[in-house]
>>> print(open('start_32.csv').read())   # CSV, C-alpha atoms
chain,number,residue,atom,x,y,z
A,82,MET,CA,43.9,-42.4,-97.8
A,83,ARG,CA,40.3,-43.6,-97.4
A,84,SER,CA,41.4,-47.0,-96.0
A,85,THR,CA,43.7,-45.2,-93.5
A,86,SER,CA,40.8,-42.9,-92.5
A,87,VAL,CA,38.5,-45.8,-91.9
A,88,TYR,CA,41.2,-47.6,-89.9
A,89,LEU,CA,41.8,-44.6,-87.6
A,90,SER,CA,38.1,-44.1,-87.2
A,91,GLY,CA,37.6,-47.7,-86.1
A,92,ARG,CA,40.6,-47.5,-83.8
A,93,LYS,CA,39.2,-44.4,-82.2
A,94,GLN,CA,35.8,-46.1,-81.6
A,95,LYS,CA,37.5,-49.1,-80.0
A,96,LEU,CA,39.5,-46.9,-77.6
A,97,ILE,CA,36.3,-45.0,-76.7
A,98,VAL,CA,34.6,-48.3,-75.8
A,99,LEU,CA,37.6,-49.3,-73.7
A,100,PHE,CA,37.7,-46.0,-71.8
A,101,ALA,CA,34.0,-46.1,-71.2
A,102,LEU,CA,34.2,-49.6,-69.8
A,103,LEU,CA,37.1,-48.5,-67.6
A,104,PHE,CA,35.1,-45.6,-66.2
A,105,LEU,CA,32.1,-47.9,-65.7
A,106,LEU,CA,34.3,-50.3,-63.8
A,107,PHE,CA,35.5,-47.5,-61.6
A,108,LEU,CA,32.0,-46.4,-60.8
A,109,THR,CA,31.0,-50.0,-59.9
A,110,PHE,CA,34.1,-50.3,-57.8
A,111,ILE,CA,33.1,-47.3,-55.7
A,112,TYR,CA,29.5,-48.5,-55.5
A,113,ALA,CA,30.6,-51.9,-54.3
A,114,LEU,CA,32.7,-50.4,-51.5
A,115,ASN,CA,29.5,-48.7,-50.3
A,116,SER,CA,27.3,-51.7,-50.6
A,117,GLY,CA,26.4,-53.8,-47.6
A,118,SER,CA,24.8,-53.6,-44.1
A,119,TYR,CA,27.2,-50.8,-43.0
A,120,HIS,CA,26.4,-47.8,-45.3
A,121,LEU,CA,28.8,-44.9,-45.7
A,122,PRO,CA,28.4,-41.7,-47.8
A,123,PHE,CA,30.4,-41.8,-51.1
A,124,ASP,CA,32.5,-38.8,-50.1
A,125,ARG,CA,33.5,-40.7,-46.9
A,126,ILE,CA,34.5,-43.7,-49.1
A,127,PHE,CA,36.9,-41.4,-51.1
A,128,THR,CA,38.2,-39.9,-47.9
A,129,ILE,CA,39.0,-43.3,-46.4
A,130,LEU,CA,40.7,-44.5,-49.5
A,131,TYR,CA,42.8,-41.3,-49.8
A,132,GLN,CA,43.8,-41.3,-46.1
A,133,SER,CA,44.7,-45.0,-46.3
A,134,VAL,CA,47.3,-44.1,-48.9
A,135,THR,CA,48.5,-40.7,-47.7
A,136,ASN,CA,48.1,-40.8,-43.9
A,137,PRO,CA,46.9,-44.1,-42.4
A,138,GLY,CA,47.2,-42.7,-38.9
A,139,LEU,CA,44.1,-40.6,-39.4
A,140,LEU,CA,42.0,-43.7,-39.8
A,141,GLU,CA,42.7,-44.7,-36.1
A,142,SER,CA,40.0,-42.3,-35.0
A,143,THR,CA,37.4,-44.2,-37.0
A,144,PRO,CA,38.5,-47.9,-36.6
A,145,SER,CA,35.1,-49.4,-37.5
A,146,GLU,CA,35.0,-47.6,-40.9
A,147,LYS,CA,38.6,-48.5,-41.6
A,148,ILE,CA,37.9,-52.2,-40.8
A,149,VAL,CA,34.8,-52.4,-43.0
A,150,VAL,CA,36.2,-50.5,-46.0
A,151,ILE,CA,39.9,-51.3,-46.0
A,152,ASP,CA,40.1,-54.7,-44.3
A,153,PHE,CA,36.9,-56.4,-45.6
A,154,ARG,CA,35.3,-54.7,-48.6
A,155,LEU,CA,38.4,-53.4,-50.5
A,156,PRO,CA,40.3,-56.8,-50.8
A,157,ARG,CA,37.0,-58.5,-51.8
A,158,VAL,CA,36.2,-56.0,-54.5
A,159,LEU,CA,39.8,-56.1,-55.8
A,160,LEU,CA,39.8,-59.9,-55.8
A,161,ALA,CA,36.5,-60.0,-57.7
A,162,ILE,CA,37.9,-57.6,-60.4
A,163,LEU,CA,41.2,-59.6,-60.7
A,164,THR,CA,39.3,-62.9,-60.9
A,165,GLY,CA,37.0,-61.5,-63.6
A,166,ILE,CA,40.0,-60.1,-65.6
A,167,SER,CA,41.9,-63.4,-65.4
A,168,LEU,CA,39.0,-65.7,-66.4
A,169,ALA,CA,38.0,-63.3,-69.2
A,170,ILE,CA,41.4,-63.0,-70.8
A,171,ALA,CA,42.0,-66.7,-70.4
A,172,GLY,CA,38.8,-67.5,-72.2
A,173,CYS,CA,39.5,-64.9,-74.9
A,174,VAL,CA,43.0,-66.2,-75.7
A,175,MET,CA,41.9,-69.9,-75.6
A,176,GLN,CA,39.1,-69.1,-78.0
A,177,ALA,CA,41.6,-67.4,-80.4
A,178,LEU,CA,44.1,-70.2,-80.1
A,179,LEU,CA,41.7,-73.0,-80.8
A,180,ARG,CA,39.4,-70.9,-83.1
A,181,ASN,CA,36.3,-72.0,-81.1
A,182,PRO,CA,34.2,-69.4,-79.3
A,183,LEU,CA,32.8,-72.0,-76.9
A,184,VAL,CA,36.3,-72.8,-75.4
A,185,SER,CA,37.0,-71.5,-71.9
A,186,PRO,CA,39.2,-72.6,-69.0
A,187,PHE,CA,36.4,-74.9,-68.0
A,188,THR,CA,36.0,-76.5,-71.4
A,189,LEU,CA,39.6,-77.6,-71.2
A,190,GLY,CA,39.1,-79.3,-67.8
A,191,LEU,CA,40.8,-76.7,-65.6
A,192,SER,CA,37.8,-76.2,-63.3
A,193,SER,CA,37.2,-80.0,-62.8
A,194,ALA,CA,40.9,-80.5,-62.0
A,195,ALA,CA,41.0,-77.6,-59.6
A,196,SER,CA,37.8,-78.9,-58.0
A,197,PHE,CA,39.4,-82.3,-57.5
A,198,GLY,CA,42.5,-80.8,-55.9
A,199,ALA,CA,40.3,-78.8,-53.5
A,200,ALA,CA,38.2,-81.8,-52.7
A,201,MET,CA,41.3,-83.9,-51.9
A,202,ALA,CA,42.6,-81.2,-49.6
A,203,ILE,CA,39.2,-80.9,-47.8
A,204,VAL,CA,38.8,-84.7,-47.4
A,205,PHE,CA,42.3,-85.7,-46.5
A,206,GLY,CA,43.4,-82.4,-44.9
A,207,GLY,CA,47.0,-81.8,-43.9
A,208,SER,CA,48.0,-85.5,-44.6
A,209,ILE,CA,48.4,-84.5,-48.3
A,210,MET,CA,51.0,-81.9,-47.5
A,211,PRO,CA,52.3,-82.7,-44.0
A,212,PHE,CA,55.0,-80.0,-44.2
A,213,ILE,CA,52.2,-77.3,-44.0
A,214,PRO,CA,51.1,-76.5,-40.4
A,215,PRO,CA,47.6,-77.5,-39.5
A,216,GLU,CA,46.5,-73.9,-38.9
A,217,PHE,CA,47.1,-73.2,-42.6
A,218,GLN,CA,44.4,-75.7,-43.8
A,219,ASN,CA,43.0,-73.2,-46.3
A,220,GLY,CA,46.5,-72.8,-47.8
A,221,VAL,CA,46.5,-76.6,-48.5
A,222,ILE,CA,43.1,-76.2,-50.4
A,223,ILE,CA,44.4,-73.3,-52.4
A,224,LEU,CA,47.7,-75.0,-53.3
A,225,CYS,CA,46.1,-78.3,-54.3
A,226,ALA,CA,43.5,-76.5,-56.5
A,227,PHE,CA,46.2,-74.5,-58.2
A,228,LEU,CA,48.5,-77.5,-58.8
A,229,LEU,CA,45.8,-79.7,-60.1
A,230,GLY,CA,44.6,-76.9,-62.4
A,231,TRP,CA,48.1,-76.8,-63.9
A,232,LEU,CA,48.2,-80.6,-64.1
A,233,SER,CA,45.2,-80.6,-66.3
A,234,ILE,CA,46.8,-78.4,-69.0
A,235,LEU,CA,50.1,-80.4,-68.7
A,236,LEU,CA,48.1,-83.5,-69.4
A,237,ILE,CA,46.5,-81.9,-72.4
A,238,TYR,CA,49.9,-80.7,-73.6
A,239,GLY,CA,51.2,-84.3,-73.3
A,240,ILE,CA,48.3,-85.7,-75.3
A,241,SER,CA,48.7,-83.0,-77.9
A,242,ARG,CA,52.4,-83.8,-78.2
A,243,MET,CA,51.6,-87.5,-79.0
A,244,LYS,CA,48.7,-86.8,-81.3
A,245,GLY,CA,49.5,-83.4,-82.7
A,246,SER,CA,48.5,-80.1,-81.2
A,247,SER,CA,45.5,-79.4,-83.5
A,248,SER,CA,42.6,-77.5,-82.0
A,249,ALA,CA,40.3,-80.5,-82.2
A,250,THR,CA,42.8,-82.7,-80.3
A,251,LEU,CA,43.2,-80.1,-77.5
A,252,ILE,CA,39.5,-79.6,-77.0
A,253,LEU,CA,38.7,-83.3,-77.0
A,254,ALA,CA,41.6,-83.9,-74.6
A,255,GLY,CA,40.3,-81.2,-72.3
A,256,VAL,CA,36.7,-82.6,-72.3
A,257,VAL,CA,38.0,-86.1,-71.5
A,258,ILE,CA,40.3,-84.9,-68.7
A,259,GLY,CA,37.5,-82.8,-67.3
A,260,TYR,CA,35.2,-85.9,-67.1
A,261,ILE,CA,38.0,-87.9,-65.3
A,262,PHE,CA,38.5,-85.2,-62.7
A,263,THR,CA,34.8,-84.8,-62.2
A,264,ALA,CA,34.5,-88.5,-61.5
A,265,GLY,CA,37.2,-88.1,-58.9
A,266,VAL,CA,35.2,-85.3,-57.2
A,267,MET,CA,32.1,-87.5,-57.2
A,268,ILE,CA,34.0,-90.3,-55.5
A,269,LEU,CA,35.4,-88.1,-52.8
A,270,LYS,CA,31.9,-86.6,-52.2
A,271,TYR,CA,30.5,-90.1,-51.9
A,272,LEU,CA,33.1,-91.3,-49.4
A,273,THR,CA,33.3,-88.3,-47.1
A,274,ASN,CA,31.2,-87.3,-44.1
A,275,ASP,CA,28.4,-84.7,-44.1
A,276,GLU,CA,30.5,-81.8,-42.8
A,277,LYS,CA,33.2,-82.2,-45.4
A,278,LEU,CA,30.6,-82.9,-48.1
A,279,ARG,CA,29.1,-79.5,-47.3
A,280,GLU,CA,32.5,-77.8,-47.5
A,281,ILE,CA,33.2,-79.3,-50.9
A,282,THR,CA,29.8,-78.3,-52.2
A,283,LEU,CA,30.3,-74.8,-50.9
A,284,TRP,CA,33.7,-74.5,-52.6
A,285,LEU,CA,32.3,-75.8,-55.9
A,286,MET,CA,29.7,-73.0,-55.8
A,287,GLY,CA,32.4,-70.3,-55.9
A,288,GLY,CA,32.6,-67.2,-53.8
A,289,MET,CA,34.7,-64.4,-52.4
A,290,TRP,CA,34.6,-65.5,-48.8
A,291,GLY,CA,38.3,-66.1,-48.6
A,292,ALA,CA,39.2,-62.6,-49.9
A,293,ASN,CA,42.0,-60.9,-48.0
A,294,TRP,CA,45.0,-58.8,-48.7
A,295,GLY,CA,47.2,-61.9,-48.9
A,296,ALA,CA,45.1,-63.2,-51.8
A,297,VAL,CA,45.2,-59.9,-53.6
A,298,VAL,CA,49.0,-59.6,-53.2
A,299,ILE,CA,49.4,-63.0,-54.8
A,300,VAL,CA,46.8,-62.7,-57.5
A,301,ALA,CA,47.5,-59.1,-58.6
A,302,PRO,CA,51.0,-59.6,-60.1
A,303,ILE,CA,50.1,-62.9,-61.7
A,304,THR,CA,47.1,-61.3,-63.4
A,305,LEU,CA,49.1,-58.3,-64.5
A,306,LEU,CA,52.0,-60.3,-65.9
A,307,CYS,CA,49.7,-62.8,-67.7
A,308,PHE,CA,47.7,-60.0,-69.2
A,309,LEU,CA,50.8,-58.2,-70.5
A,310,TYR,CA,52.2,-61.4,-72.0
A,311,LEU,CA,48.9,-62.5,-73.6
A,312,GLU,CA,48.4,-59.0,-75.0
A,313,SER,CA,51.9,-59.2,-76.6
A,314,LEU,CA,50.6,-62.2,-78.5
A,315,ALA,CA,47.7,-60.3,-80.0
A,316,TRP,CA,49.2,-60.0,-83.5
A,317,ASP,CA,50.0,-63.7,-83.7
A,318,LEU,CA,46.5,-64.5,-82.5
A,319,ASN,CA,45.1,-62.3,-85.2
A,320,THR,CA,47.2,-64.1,-87.8
A,321,LEU,CA,46.1,-67.5,-86.4
A,322,SER,CA,42.4,-66.6,-87.1
A,323,ALA,CA,43.1,-67.0,-90.8
A,324,GLY,CA,44.2,-70.6,-90.3
A,325,ASP,CA,47.2,-72.6,-89.3
A,326,ASP,CA,48.7,-72.7,-92.7
A,327,VAL,CA,48.4,-69.0,-93.3
A,328,ALA,CA,49.9,-68.3,-89.9
A,329,LYS,CA,52.9,-70.7,-90.6
A,330,ASN,CA,53.5,-69.0,-93.9
A,331,LEU,CA,53.7,-65.7,-92.1
A,332,GLY,CA,56.3,-67.0,-89.7
A,333,VAL,CA,54.2,-67.8,-86.7
A,334,ASN,CA,55.2,-70.9,-84.7
A,335,VAL,CA,51.7,-72.2,-84.4
A,336,ASN,CA,52.4,-75.1,-82.0
A,337,GLY,CA,54.6,-73.0,-79.8
A,338,LEU,CA,52.0,-70.2,-79.7
A,339,ARG,CA,49.3,-72.6,-78.7
A,340,ILE,CA,51.3,-74.2,-75.9
A,341,LYS,CA,52.6,-70.9,-74.5
A,342,GLY,CA,49.2,-69.3,-74.7
A,343,LEU,CA,47.4,-72.2,-73.1
A,344,LEU,CA,50.0,-72.4,-70.3
A,345,ILE,CA,49.8,-68.7,-69.4
A,346,SER,CA,46.0,-68.6,-69.7
A,347,THR,CA,45.9,-71.6,-67.3
A,348,LEU,CA,48.2,-69.8,-64.9
A,349,ALA,CA,46.0,-66.7,-64.9
A,350,ALA,CA,42.8,-68.7,-64.4
A,351,SER,CA,44.0,-71.3,-61.9
A,352,ALA,CA,45.7,-68.7,-59.7
A,353,CYS,CA,42.3,-67.0,-59.1
A,354,LEU,CA,40.1,-70.1,-58.9
A,355,ALA,CA,42.4,-71.5,-56.2
A,356,PHE,CA,41.2,-68.6,-53.9
A,357,THR,CA,37.6,-68.3,-55.1
A,358,GLY,CA,36.4,-71.7,-56.0
A,359,ILE,CA,34.6,-72.5,-59.3
A,360,ILE,CA,33.1,-69.4,-61.0
A,361,GLY,CA,31.7,-70.1,-64.5
A,362,PHE,CA,30.7,-68.2,-67.6
A,363,ILE,CA,33.1,-65.3,-67.2
A,364,GLY,CA,35.5,-66.8,-69.7
A,365,LEU,CA,32.6,-67.1,-72.2
A,366,MET,CA,30.6,-63.9,-71.6
A,367,GLY,CA,33.5,-61.5,-71.5
A,368,PRO,CA,34.9,-62.3,-75.0
A,369,HIS,CA,31.4,-62.7,-76.6
A,370,ILE,CA,30.2,-59.3,-75.4
A,371,GLY,CA,33.6,-57.8,-76.4
A,372,ARG,CA,33.3,-59.1,-79.9
A,373,MET,CA,29.8,-57.5,-80.1
A,374,LEU,CA,31.3,-54.1,-79.0
A,375,ILE,CA,34.7,-53.9,-80.8
A,376,GLY,CA,35.1,-56.9,-83.2
A,377,ASN,CA,37.7,-59.7,-83.4
A,378,ASP,CA,40.9,-57.7,-83.3
A,379,ASN,CA,42.7,-59.3,-80.3
A,380,ARG,CA,44.8,-56.1,-79.7
A,381,TYR,CA,41.5,-54.5,-78.4
A,382,LEU,CA,39.5,-57.6,-77.7
A,383,ILE,CA,41.8,-58.9,-74.9
A,384,PRO,CA,41.7,-55.6,-72.8
A,385,CYS,CA,38.0,-55.3,-73.6
A,386,SER,CA,37.3,-58.8,-72.4
A,387,ALA,CA,39.4,-58.1,-69.3
A,388,LEU,CA,37.3,-55.0,-68.4
A,389,LEU,CA,34.1,-56.8,-69.1
A,390,GLY,CA,35.1,-59.8,-67.0
A,391,GLY,CA,36.0,-57.6,-64.0
A,392,LEU,CA,32.8,-55.6,-64.4
A,393,ILE,CA,30.5,-58.6,-64.7
A,394,LEU,CA,32.0,-60.4,-61.7
A,395,LEU,CA,32.1,-57.3,-59.5
A,396,ILE,CA,28.4,-56.6,-60.2
A,397,SER,CA,27.6,-60.3,-59.6
A,398,ASP,CA,29.5,-60.4,-56.3
A,399,THR,CA,28.0,-57.2,-55.1
A,400,ALA,CA,24.5,-58.6,-55.8
A,401,ALA,CA,25.4,-61.9,-54.2
A,402,ARG,CA,26.2,-60.2,-50.9
A,403,THR,CA,23.5,-57.6,-50.8
A,404,ILE,CA,20.4,-59.0,-52.6
A,405,MET,CA,19.4,-61.1,-49.6
A,406,ASP,CA,21.4,-59.2,-46.9
A,407,PRO,CA,22.5,-60.4,-44.4
A,408,ILE,CA,22.4,-63.8,-46.2
A,409,GLU,CA,25.1,-64.1,-48.8
A,410,ILE,CA,24.5,-66.1,-52.0
A,411,PRO,CA,27.5,-67.8,-53.6
A,412,VAL,CA,28.6,-65.7,-56.6
A,413,GLY,CA,29.0,-68.8,-58.7
A,414,VAL,CA,25.2,-69.4,-58.5
A,415,ILE,CA,24.6,-65.8,-59.6
A,416,MET,CA,27.0,-66.3,-62.6
A,417,TYR,CA,25.2,-69.5,-63.7
A,418,VAL,CA,21.9,-67.6,-63.7
A,419,ILE,CA,23.3,-64.6,-65.6
A,420,GLY,CA,25.3,-66.8,-68.0
A,421,GLY,CA,22.2,-68.9,-68.8
A,422,ILE,CA,20.0,-65.9,-69.4
A,423,PHE,CA,22.7,-64.3,-71.6
A,424,PHE,CA,23.1,-67.3,-73.9
A,425,MET,CA,19.4,-67.9,-74.0
A,426,PHE,CA,19.0,-64.3,-75.1
A,427,LEU,CA,21.5,-64.8,-77.9
A,428,ILE,CA,19.6,-67.9,-79.1
A,429,LEU,CA,16.2,-66.2,-79.0
A,430,ARG,CA,17.5,-63.2,-80.8
A,431,GLY,CA,18.9,-65.4,-83.6
A,432,LYS,CA,22.5,-64.6,-82.8
A,433,HIS,CA,23.6,-68.2,-83.0
A,434,ARG,CA,26.4,-67.2,-85.3
A,435,VAL,CA,28.1,-65.6,-82.3
A,436,ILE,CA,28.4,-68.8,-80.4
A,437,THR,CA,28.8,-71.4,-83.0
>>> encode(input="start_32.csv", output="structure tokens")
Amino acid sequence: MRSTSVYLSGRKQKLIVLFALLFLLFLTFIYALNSGSYHLPFDRIFTILYQSVTNPGLLESTPSEKIVVIDFRLPRVLLAILTGISLAIAGCVMQALLRNPLVSPFTLGLSSAASFGAAMAIVFGGSIMPFIPPEFQNGVIILCAFLLGWLSILLIYGISRMKGSSSATLILAGVVIGYIFTAGVMILKYLTNDEKLREITLWLMGGMWGANWGAVVIVAPITLLCFLYLESLAWDLNTLSAGDDVAKNLGVNVNGLRIKGLLISTLAASACLAFTGIIGFIGLMGPHIGRMLIGNDNRYLIPCSALLGGLILLISDTAARTIMDPIEIPVGVIMYVIGGIFFMFLILRGKHRVIT
């Protein structure tokens, strides 16, 4: 009876944390919609959102407000939340699969591969995919970044099949592949002209400049489906934390779990990074803070990481476009600053056990 009472009490505390984070994310969502050069009262924000769903015709009388809130800010805010969620759950699951809290989509070479794909599209343009019309040049960049992100994990999968899919093999393969693609990006930057070099550099910084409803429509279902599938693996991930042998004795297909988990995590992360460019530290910060709040149970840690990832990136993006208004700072730069301060704080507080 006592153990049951302790379990239910712990479960209740975890659910309270999740609902508190969800409420905080909602408040930040509303604040982000009101942030920028064009200010609106909060009650007007709610009215515009309500009318856009129930009676869009009423917004024709205030076209400027509708354009600012519905066409510009809302898709950007939603894309920031979706990107934060995707990167955080990808990092959380990868860390559980490889039993290493420093693993993230970037540790396994995904960001370097996506960067190389985007750089190729920027340098060579439509010649890479001649079947895509020239006016859809941004689409070529997005598609190349997405495909190369997937290629990185397929290469890692191939190496693990040859050498055994141990966590050490996967991590080392990811690091090596990341270096190879990084070298490719450096070569392209060296060979291209100044205009394209600036475009590559800007993409590598990461940002929500390309946010639109088309991006949200593509990313939202991918993020939702990946989250639901990865959450369904939570029990197996908990079992895996006790070691491969224990998980196998309990009936878990460890190799299959690792491959499926890595592929779906890569899909979630690469789909978002293809639209936003490289944004770091979300896949590390979200899971780390989540463990501090609710522990290591992946049933709660995955949704907690998702909420934290969306919250952190939304706050960062809001700061990036308002802190030096009207000048916009790349959100990737903001995240490097926040991430560096966060991990330095852990080191100085003697919390090295969290990140080792």
>>> atom_distance(input="start_32.csv", atom1="CA of Val298 in chain A", atom2="CA of Gly342 in chain A")
23.6 Å
>>> closest_residue(input="start_32.csv", among="A:Pro156, A:Gly190, A:Pro302, A:Pro411", to="Tyr260 in chain A", atoms="only C-alpha atoms")
A:Gly190
>>> closest_residue(input="start_32.csv", among="A:Leu155, A:Tyr271, A:Ser193, A:Gly295", to="Ile111 in chain A", atoms="all atoms listed in the file")
A:Leu155
>>> closest_residue(input="start_32.csv", among="A:Leu305, A:Leu392, A:Ala292, A:Ile383", to="Tyr112 in chain A", atoms="all atoms listed in the file")
A:Leu392
>>> closest_residue(input="start_32.csv", among="A:Tyr238, A:Arg154, A:Gly165, A:Tyr381", to="Ser397 in chain A", atoms="only C-alpha atoms")
A:Gly165
>>> closest_residue(input="start_32.csv", among="A:Ser185, A:Thr347, A:Asn334, A:Thr357", to="Ile222 in chain A", atoms="all atoms listed in the file")
A:Thr357
>>> residues_around(input="start_32.csv", residues="Ser192 in chain A", least_positions_apart="6", cutoff="10 Å", atoms="all atoms listed in the file", output="compact mmCIF listing (two decimals) with C-alpha atoms, keeping the file's coordinate frame")
# COMPACT_ATOMS: atom_id res chain seq x y z
CA SER A 185 37.00 -71.50 -71.90
CA PRO A 186 39.20 -72.60 -69.00
CA GLY A 198 42.50 -80.80 -55.90
CA ALA A 226 43.50 -76.50 -56.50
CA PHE A 227 46.20 -74.50 -58.20
CA LEU A 229 45.80 -79.70 -60.10
CA GLY A 230 44.60 -76.90 -62.40
CA SER A 233 45.20 -80.60 -66.30
CA GLY A 259 37.50 -82.80 -67.30
CA PHE A 262 38.50 -85.20 -62.70
CA THR A 263 34.80 -84.80 -62.20
CA LEU A 285 32.30 -75.80 -55.90
CA ALA A 350 42.80 -68.70 -64.40
CA SER A 351 44.00 -71.30 -61.90
CA LEU A 354 40.10 -70.10 -58.90
CA ALA A 355 42.40 -71.50 -56.20
CA GLY A 358 36.40 -71.70 -56.00
CA ILE A 359 34.60 -72.50 -59.30
CA ILE A 360 33.10 -69.40 -61.00
CA GLY A 361 31.70 -70.10 -64.50
>>> residues_around(input="start_32.csv", residues="Leu96 in chain A", least_positions_apart="3", cutoff="12 Å", atoms="only C-alpha atoms", output="ChimeraX atom specification")
/A:89-93,99-103,374-375,380-382,384-385
>>> atom_distance(input="start_32.csv", atom1="CA of Arg180 in chain A", atom2="CA of Ser322 in chain A")
6.6 Å
>>> residues_near_point(input="start_32.csv", point="(40.6, -59.5, -66.1)", cutoff="10 Å", atoms="only C-alpha atoms", output="PyMOL selection string")
chain A and resi 161-171+304-305+307-308+349-350+363-364+367+383-392+394
>>> closest_residue(input="start_32.csv", among="A:Ile203, A:Met366, A:Met425, A:Ile148", to="Arg279 in chain A", atoms="all atoms listed in the file")
A:Ile203
>>> residues_around(input="start_32.csv", residues="Ile396 in chain A", least_positions_apart="6", cutoff="10 Å", atoms="all atoms listed in the file", output="PDB file with C-alpha atoms, keeping the file's coordinate frame")
ATOM      1  CA  LEU A 106      34.300 -50.300 -63.800  1.00  0.00           C
ATOM      2  CA  THR A 109      31.000 -50.000 -59.900  1.00  0.00           C
ATOM      3  CA  PHE A 110      34.100 -50.300 -57.800  1.00  0.00           C
ATOM      4  CA  TYR A 112      29.500 -48.500 -55.500  1.00  0.00           C
ATOM      5  CA  ALA A 113      30.600 -51.900 -54.300  1.00  0.00           C
ATOM      6  CA  VAL A 158      36.200 -56.000 -54.500  1.00  0.00           C
ATOM      7  CA  ALA A 161      36.500 -60.000 -57.700  1.00  0.00           C
ATOM      8  CA  ILE A 162      37.900 -57.600 -60.400  1.00  0.00           C
ATOM      9  CA  VAL A 412      28.600 -65.700 -56.600  1.00  0.00           C
ATOM     10  CA  ILE A 415      24.600 -65.800 -59.600  1.00  0.00           C
TER      11      ILE A 415
END
>>> atom_distance(input="start_32.csv", atom1="CA of Ser118 in chain A", atom2="CA of Gly288 in chain A")
18.4 Å
